[in-house]
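**Q** Following this line is target_12.pdb, made up of PDB, C-alpha atoms, pLDDT in the B column:
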ATOM      1  CA  MET A   1     103.241  73.055  97.022  1.00 48.00           C
ATOM      2  CA  GLU A   2     106.442  71.157  97.565  1.00 47.00           C
ATOM      3  CA  LEU A   3     107.956  69.590  94.469  1.00 49.00           C
ATOM      4  CA  SER A   4     109.868  66.359  94.638  1.00 45.00           C
ATOM      5  CA  THR A   5     110.771  63.957  91.879  1.00 44.00           C
ATOM      6  CA  GLY A   6     109.417  60.446  91.691  1.00 42.00           C
ATOM      7  CA  THR A   7     108.757  57.665  89.225  1.00 39.00           C
ATOM      8  CA  ASP A   8     104.962  57.856  89.076  1.00 40.00           C
ATOM      9  CA  THR A   9     104.115  59.143  85.581  1.00 42.00           C
ATOM     10  CA  LEU A  10     100.628  60.258  86.589  1.00 46.00           C
ATOM     11  CA  GLY A  11     101.813  62.092  89.679  1.00 49.00           C
ATOM     12  CA  THR A  12      99.042  60.526  91.730  1.00 47.00           C
ATOM     13  CA  THR A  13      99.031  58.526  94.909  1.00 45.00           C
ATOM     14  CA  PRO A  14      98.153  54.814  94.662  1.00 44.00           C
ATOM     15  CA  ASN A  15      94.679  55.198  96.216  1.00 49.00           C
ATOM     16  CA  LYS A  16      93.061  58.372  94.864  1.00 46.00           C
ATOM     17  CA  ASN A  17      89.700  57.754  96.566  1.00 56.00           C
ATOM     18  CA  ILE A  18      91.144  58.547  99.992  1.00 60.00           C
ATOM     19  CA  PHE A  19      92.205  61.961  98.703  1.00 64.00           C
ATOM     20  CA  ALA A  20      89.114  62.787  96.601  1.00 65.00           C
ATOM     21  CA  PHE A  21      87.340  65.995  97.635  1.00 65.00           C
ATOM     22  CA  LYS A  22      83.648  65.238  98.316  1.00 64.00           C
ATOM     23  CA  GLY A  23      83.896  62.109  96.156  1.00 65.00           C
ATOM     24  CA  ASN A  24      85.157  64.027  93.101  1.00 69.00           C
ATOM     25  CA  GLU A  25      88.329  62.259  91.945  1.00 68.00           C
ATOM     26  CA  ASN A  26      89.218  65.280  89.779  1.00 71.00           C
ATOM     27  CA  ILE A  27      89.818  67.361  92.924  1.00 72.00           C
ATOM     28  CA  SER A  28      92.184  66.417  95.750  1.00 72.00           C
ATOM     29  CA  LYS A  29      91.635  67.078  99.421  1.00 68.00           C
ATOM     30  CA  LYS A  30      93.985  69.400 101.214  1.00 74.00           C
ATOM     31  CA  GLY A  31      97.001  67.481 102.429  1.00 71.00           C
ATOM     32  CA  ALA A  32      97.118  64.964  99.579  1.00 72.00           C
ATOM     33  CA  GLU A  33     100.741  64.241  98.718  1.00 75.00           C
ATOM     34  CA  TYR A  34     102.090  63.596  95.249  1.00 76.00           C
ATOM     35  CA  THR A  35     105.379  62.718  93.697  1.00 83.00           C
ATOM     36  CA  TYR A  36     106.363  64.594  90.561  1.00 87.00           C
ATOM     37  CA  THR A  37     108.276  63.391  87.548  1.00 91.00           C
ATOM     38  CA  PRO A  38     111.052  65.623  86.206  1.00 93.00           C
ATOM     39  CA  GLU A  39     108.798  66.367  83.202  1.00 94.00           C
ATOM     40  CA  GLN A  40     105.980  67.538  85.483  1.00 93.00           C
ATOM     41  CA  ILE A  41     108.337  69.817  87.386  1.00 93.00           C
ATOM     42  CA  ILE A  42     109.436  71.369  84.089  1.00 95.00           C
ATOM     43  CA  GLU A  43     105.776  71.857  83.112  1.00 95.00           C
ATOM     44  CA  ILE A  44     104.989  73.502  86.449  1.00 94.00           C
ATOM     45  CA  GLU A  45     107.933  75.873  85.996  1.00 95.00           C
ATOM     46  CA  LYS A  46     106.702  76.773  82.482  1.00 95.00           C
ATOM     47  CA  CYS A  47     103.224  77.455  83.853  1.00 94.00           C
ATOM     48  CA  ILE A  48     104.577  79.644  86.654  1.00 93.00           C
ATOM     49  CA  LYS A  49     106.657  81.710  84.211  1.00 93.00           C
ATOM     50  CA  SER A  50     103.965  82.089  81.549  1.00 92.00           C
ATOM     51  CA  PRO A  51     100.261  82.449  82.378  1.00 93.00           C
ATOM     52  CA  ALA A  52      99.529  82.293  78.634  1.00 93.00           C
ATOM     53  CA  TYR A  53     101.315  78.938  78.368  1.00 95.00           C
ATOM     54  CA  PHE A  54      99.343  77.715  81.399  1.00 95.00           C
ATOM     55  CA  ALA A  55      96.087  78.865  79.802  1.00 94.00           C
ATOM     56  CA  GLU A  56      96.630  77.419  76.344  1.00 94.00           C
ATOM     57  CA  THR A  57      98.001  74.130  77.650  1.00 95.00           C
ATOM     58  CA  TYR A  58      95.743  73.412  80.634  1.00 94.00           C
ATOM     59  CA  PHE A  59      92.849  75.918  80.950  1.00 93.00           C
ATOM     60  CA  LYS A  60      89.561  74.351  79.789  1.00 92.00           C
ATOM     61  CA  ILE A  61      86.478  76.196  78.598  1.00 89.00           C
ATOM     62  CA  VAL A  62      83.106  75.045  77.308  1.00 88.00           C
ATOM     63  CA  SER A  63      82.530  75.974  73.677  1.00 84.00           C
ATOM     64  CA  LEU A  64      79.008  75.916  72.261  1.00 86.00           C
ATOM     65  CA  ASP A  65      80.337  74.255  69.111  1.00 88.00           C
ATOM     66  CA  TYR A  66      82.929  71.841  70.501  1.00 86.00           C
ATOM     67  CA  GLY A  67      82.131  71.298  74.187  1.00 89.00           C
ATOM     68  CA  LEU A  68      84.991  71.092  76.692  1.00 88.00           C
ATOM     69  CA  GLN A  69      88.295  72.129  75.126  1.00 90.00           C
ATOM     70  CA  ASN A  70      91.556  73.954  75.781  1.00 91.00           C
ATOM     71  CA  ILE A  71      91.335  77.682  75.272  1.00 90.00           C
ATOM     72  CA  GLN A  72      93.047  79.315  72.311  1.00 90.00           C
ATOM     73  CA  LEU A  73      93.936  82.891  73.228  1.00 90.00           C
ATOM     74  CA  TYR A  74      93.735  85.677  70.691  1.00 89.00           C
ATOM     75  CA  ASP A  75      96.944  87.704  70.329  1.00 91.00           C
ATOM     76  CA  PHE A  76      95.568  90.640  72.347  1.00 88.00           C
ATOM     77  CA  GLN A  77      94.414  88.285  75.128  1.00 89.00           C
ATOM     78  CA  ARG A  78      97.861  86.646  75.247  1.00 91.00           C
ATOM     79  CA  GLU A  79      99.473  90.092  75.475  1.00 88.00           C
ATOM     80  CA  ILE A  80      97.207  91.112  78.380  1.00 87.00           C
ATOM     81  CA  VAL A  81      97.731  87.845  80.267  1.00 87.00           C
ATOM     82  CA  GLU A  82     101.512  87.967  79.834  1.00 87.00           C
ATOM     83  CA  SER A  83     101.820  91.622  80.814  1.00 86.00           C
ATOM     84  CA  TYR A  84      99.722  91.341  83.980  1.00 81.00           C
ATOM     85  CA  ASP A  85     102.634  90.434  86.278  1.00 76.00           C
ATOM     86  CA  GLU A  86     104.498  93.607  85.322  1.00 80.00           C
ATOM     87  CA  ASN A  87     101.426  95.852  85.180  1.00 80.00           C
ATOM     88  CA  ARG A  88      99.063  95.138  88.067  1.00 74.00           C
ATOM     89  CA  LYS A  89      96.869  98.073  87.066  1.00 81.00           C
ATOM     90  CA  MET A  90      95.702  98.053  83.463  1.00 79.00           C
ATOM     91  CA  LEU A  91      93.151 100.048  81.562  1.00 78.00           C
ATOM     92  CA  LEU A  92      91.625  98.169  78.638  1.00 78.00           C
ATOM     93  CA  ALA A  93      89.740 100.019  75.929  1.00 81.00           C
ATOM     94  CA  THR A  94      87.811  97.152  74.368  1.00 80.00           C
ATOM     95  CA  SER A  95      84.447  96.410  72.939  1.00 77.00           C
ATOM     96  CA  ARG A  96      81.932  93.997  74.406  1.00 83.00           C
ATOM     97  CA  GLN A  97      82.248  90.232  74.081  1.00 81.00           C
ATOM     98  CA  VAL A  98      85.992  90.066  73.423  1.00 76.00           C
ATOM     99  CA  GLY A  99      86.916  87.705  76.261  1.00 77.00           C
ATOM    100  CA  LYS A 100      87.667  89.989  79.207  1.00 84.00           C
ATOM    101  CA  THR A 101      85.917  87.603  81.607  1.00 86.00           C
ATOM    102  CA  THR A 102      87.991  84.737  80.249  1.00 88.00           C
ATOM    103  CA  ILE A 103      91.180  86.732  80.824  1.00 90.00           C
ATOM    104  CA  VAL A 104      90.164  87.425  84.420  1.00 89.00           C
ATOM    105  CA  SER A 105      89.340  83.723  84.931  1.00 91.00           C
ATOM    106  CA  ILE A 106      92.767  82.679  83.674  1.00 93.00           C
ATOM    107  CA  LEU A 107      94.587  85.240  85.806  1.00 91.00           C
ATOM    108  CA  ALA A 108      92.610  84.370  88.957  1.00 92.00           C
ATOM    109  CA  LEU A 109      93.207  80.629  88.602  1.00 92.00           C
ATOM    110  CA  HIS A 110      96.891  81.114  87.808  1.00 92.00           C
ATOM    111  CA  TYR A 111      97.254  83.430  90.799  1.00 91.00           C
ATOM    112  CA  VAL A 112      95.703  81.085  93.376  1.00 89.00           C
ATOM    113  CA  ILE A 113      97.508  77.984  92.142  1.00 90.00           C
ATOM    114  CA  PHE A 114     101.000  79.430  91.901  1.00 90.00           C
ATOM    115  CA  ASN A 115     101.028  81.847  94.850  1.00 87.00           C
ATOM    116  CA  GLU A 116     101.202  80.226  98.253  1.00 83.00           C
ATOM    117  CA  ARG A 117      99.025  81.666 101.023  1.00 81.00           C
ATOM    118  CA  LYS A 118      97.161  84.050  98.750  1.00 80.00           C
ATOM    119  CA  SER A 119      93.436  84.703  98.473  1.00 81.00           C
ATOM    120  CA  CYS A 120      91.384  85.786  95.508  1.00 83.00           C
ATOM    121  CA  PHE A 121      87.944  87.355  95.637  1.00 86.00           C
ATOM    122  CA  VAL A 122      85.341  87.249  92.879  1.00 85.00           C
ATOM    123  CA  LEU A 123      83.151  90.320  92.587  1.00 86.00           C
ATOM    124  CA  GLY A 124      80.672  91.388  89.951  1.00 85.00           C
ATOM    125  CA  ASN A 125      78.209  94.163  89.298  1.00 89.00           C
ATOM    126  CA  LYS A 126      75.479  91.551  89.916  1.00 92.00           C
ATOM    127  CA  GLU A 127      75.437  88.311  91.864  1.00 93.00           C
ATOM    128  CA  ALA A 128      74.843  86.331  88.653  1.00 92.00           C
ATOM    129  CA  THR A 129      77.984  87.822  87.093  1.00 89.00           C
ATOM    130  CA  ALA A 130      80.140  86.809  90.059  1.00 91.00           C
ATOM    131  CA  ILE A 131      78.634  83.310  90.092  1.00 92.00           C
ATOM    132  CA  GLU A 132      79.308  82.892  86.353  1.00 90.00           C
ATOM    133  CA  LEU A 133      82.937  83.936  86.790  1.00 91.00           C
ATOM    134  CA  LEU A 134      83.434  81.623  89.761  1.00 91.00           C
ATOM    135  CA  ASP A 135      81.838  78.750  87.828  1.00 91.00           C
ATOM    136  CA  ARG A 136      84.304  79.262  84.960  1.00 91.00           C
ATOM    137  CA  ILE A 137      87.238  79.211  87.379  1.00 92.00           C
ATOM    138  CA  LYS A 138      85.908  76.096  89.146  1.00 89.00           C
ATOM    139  CA  LEU A 139      85.406  74.254  85.836  1.00 90.00           C
ATOM    140  CA  ALA A 140      88.921  75.071  84.659  1.00 92.00           C
ATOM    141  CA  PHE A 141      90.340  74.028  88.048  1.00 90.00           C
ATOM    142  CA  GLU A 142      88.474  70.727  88.044  1.00 88.00           C
ATOM    143  CA  TYR A 143      89.906  69.709  84.675  1.00 90.00           C
ATOM    144  CA  LEU A 144      93.528  70.579  85.432  1.00 91.00           C
ATOM    145  CA  PRO A 145      95.788  67.545  85.804  1.00 90.00           C
ATOM    146  CA  LEU A 146      95.903  66.372  89.439  1.00 83.00           C
ATOM    147  CA  TRP A 147      99.638  67.071  89.680  1.00 85.00           C
ATOM    148  CA  LEU A 148      99.076  70.736  88.765  1.00 88.00           C
ATOM    149  CA  LYS A 149      96.409  71.429  91.400  1.00 82.00           C
ATOM    150  CA  VAL A 150      96.600  72.231  95.056  1.00 75.00           C
ATOM    151  CA  GLY A 151      94.338  70.364  97.469  1.00 69.00           C
ATOM    152  CA  VAL A 152      90.990  71.801  98.507  1.00 70.00           C
TER     153      VAL A 152
END
Kindly present the structure from the file in structure tokens form.
**A**
Amino acid sequence: MELSTGTDTLGTTPNKNIFAFKGNENISKKGAEYTYTPEQIIEIEKCIKSPAYFAETYFKIVSLDYGLQNIQLYDFQREIVESYDENRKMLLATSRQVGKTTIVSILALHYVIFNERKSCFVLGNKEATAIELLDRIKLAFEYLPLWLKVGV
């Protein structure tokens, strides 16, 4: 992703429909070009430096109580997400249902957006588990601002 400054506050091209992926205006096709405001460049730099900042500012989840909303990380989740870059191999002694899948979703999306020419694979102990994880990542990706996404 090449960053250049411009005056467009939305960071979008004048005719989004040409660049919509399969008719979805929330996702750009590969090759779509954008101009970035200085504020957007600063935001991208913050997101690159801090996966927790990226998550709490832009990562969307579906809550049973509130619907689509930004995620609020617990302190232990923030610590895991922030320490991942320095500790690629981690052993977590946790109970069930504490948000490990959410942590993996955040890290996978952050990794593929901010690392050029990298791939990420989604595996699970069952097909349904892998599909659920991929669906979470796809939902969060779809609702990122256009200027923060790479084309598909």
**Q** Expand the PyMOL selection byres ((chain A and resi 79) around 12) into the individual residues it matches in the shown file, reporting them as a list in words.
**A**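 Taken over the shown coordinates, the PyMOL selection byres ((chain A and resi 79) around 12) returns Ser50, Pro51, Ala52, Tyr53, Leu73, Tyr74, Asp75, Phe76, Gln77, Arg78, Ile80, Val81, Glu82, Ser83, Tyr84, Asp85, Glu86, Asn87, Met90, Leu92 and Ile103 of chain A.
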**Q** Could you please determine the separation between CA of Leu134 (chain A) and CA of Arg88 (chain A) in Å, to one decimal place?
**A**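 So the two atoms, CA of Leu134 (chain A) and CA of Arg88 (chain A), lie 20.7 Å apart.
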**Q** Can you measure CA of Asn70 (chain A) to CA of Thr57 (chain A) for me? One decimal in Å is fine.
**A** 6.7 Å
**Q** Let me know the residues the PyMOL selection byres ((chain A and resi 101) around 12) catches in the file above, as a PyMOL selection string.
**A** chain A and resi 61+77+81+96-100+102-108+122-124+129-137
**Q** Filtering to C-alpha atoms, could you give me those residues as a CSV table (one decimal), in the coordinates of the input?
**A**
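The file below, selection-v9.csv, is the result:
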chain,number,residue,atom,x,y,z
A,61,ILE,CA,86.5,76.2,78.6
A,77,GLN,CA,94.4,88.3,75.1
A,81,VAL,CA,97.7,87.8,80.3
A,96,ARG,CA,81.9,94.0,74.4
A,97,GLN,CA,82.2,90.2,74.1
A,98,VAL,CA,86.0,90.1,73.4
A,99,GLY,CA,86.9,87.7,76.3
A,100,LYS,CA,87.7,90.0,79.2
A,102,THR,CA,88.0,84.7,80.2
A,103,ILE,CA,91.2,86.7,80.8
A,104,VAL,CA,90.2,87.4,84.4
A,105,SER,CA,89.3,83.7,84.9
A,106,ILE,CA,92.8,82.7,83.7
A,107,LEU,CA,94.6,85.2,85.8
A,108,ALA,CA,92.6,84.4,89.0
A,122,VAL,CA,85.3,87.2,92.9
A,123,LEU,CA,83.2,90.3,92.6
A,124,GLY,CA,80.7,91.4,90.0
A,129,THR,CA,78.0,87.8,87.1
A,130,ALA,CA,80.1,86.8,90.1
A,131,ILE,CA,78.6,83.3,90.1
A,132,GLU,CA,79.3,82.9,86.4
A,133,LEU,CA,82.9,83.9,86.8
A,134,LEU,CA,83.4,81.6,89.8
A,135,ASP,CA,81.8,78.8,87.8
A,136,ARG,CA,84.3,79.3,85.0
A,137,ILE,CA,87.2,79.2,87.4
**Q** One number please: CA of Lys30 (chain A) to CA of Val150 (chain A), in Å, one decimal.
**A**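 That distance, rounded to one decimal, is 7.3 Å.
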**Q** Show me, as a PyMOL selection string, the residues that have an atom within 12 Å of Phe114 (chain A) when counting all atoms listed in the file, minus same-chain residues fewer than 2 positions from it.
**A** chain A and resi 1-2+44-51+54+107-112+116-119+148-150
**Q** Where atoms are missing, can you supply N, CA and C atoms for region 88-101 of chain A and output the lot as a short mmCIF file (atom, residue, chain, number, x, y, z; two decimals), in the coordinates of the input?
**A**
data_model
loop_
_atom_site.label_atom_id
_atom_site.label_comp_id
_atom_site.auth_asym_id
_atom_site.auth_seq_id
_atom_site.Cartn_x
_atom_site.Cartn_y
_atom_site.Cartn_z
N ARG A 88 100.20 95.56 87.25
CA ARG A 88 99.06 95.14 88.07
C ARG A 88 97.81 95.98 87.80
N LYS A 89 98.01 97.21 87.38
CA LYS A 89 96.87 98.07 87.07
C LYS A 89 96.87 98.31 85.57
N MET A 90 95.81 97.88 84.91
CA MET A 90 95.70 98.05 83.46
C MET A 90 94.36 98.67 83.12
N LEU A 91 94.36 99.46 82.09
CA LEU A 91 93.15 100.05 81.56
C LEU A 91 92.98 99.49 80.17
N LEU A 92 91.87 98.80 79.94
CA LEU A 92 91.62 98.17 78.64
C LEU A 92 90.50 98.90 77.93
N ALA A 93 90.77 99.40 76.76
CA ALA A 93 89.74 100.02 75.93
C ALA A 93 89.32 98.97 74.90
N THR A 94 88.26 98.24 75.24
CA THR A 94 87.81 97.15 74.37
C THR A 94 86.32 97.24 74.15
N SER A 95 85.88 96.51 73.18
CA SER A 95 84.45 96.41 72.94
C SER A 95 83.86 95.31 73.81
N ARG A 96 82.59 95.07 73.66
CA ARG A 96 81.93 94.00 74.41
C ARG A 96 82.26 92.65 73.77
N GLN A 97 82.15 91.61 74.57
CA GLN A 97 82.25 90.23 74.08
C GLN A 97 83.59 89.90 73.42
N VAL A 98 84.68 90.38 73.99
CA VAL A 98 85.99 90.07 73.42
C VAL A 98 86.82 89.16 74.34
N GLY A 99 86.23 88.66 75.41
CA GLY A 99 86.92 87.70 76.26
C GLY A 99 87.57 88.27 77.51
N LYS A 100 87.08 89.41 77.99
CA LYS A 100 87.67 89.99 79.21
C LYS A 100 87.42 89.08 80.41
N THR A 101 86.23 88.50 80.51
CA THR A 101 85.92 87.60 81.61
C THR A 101 86.82 86.37 81.57
#
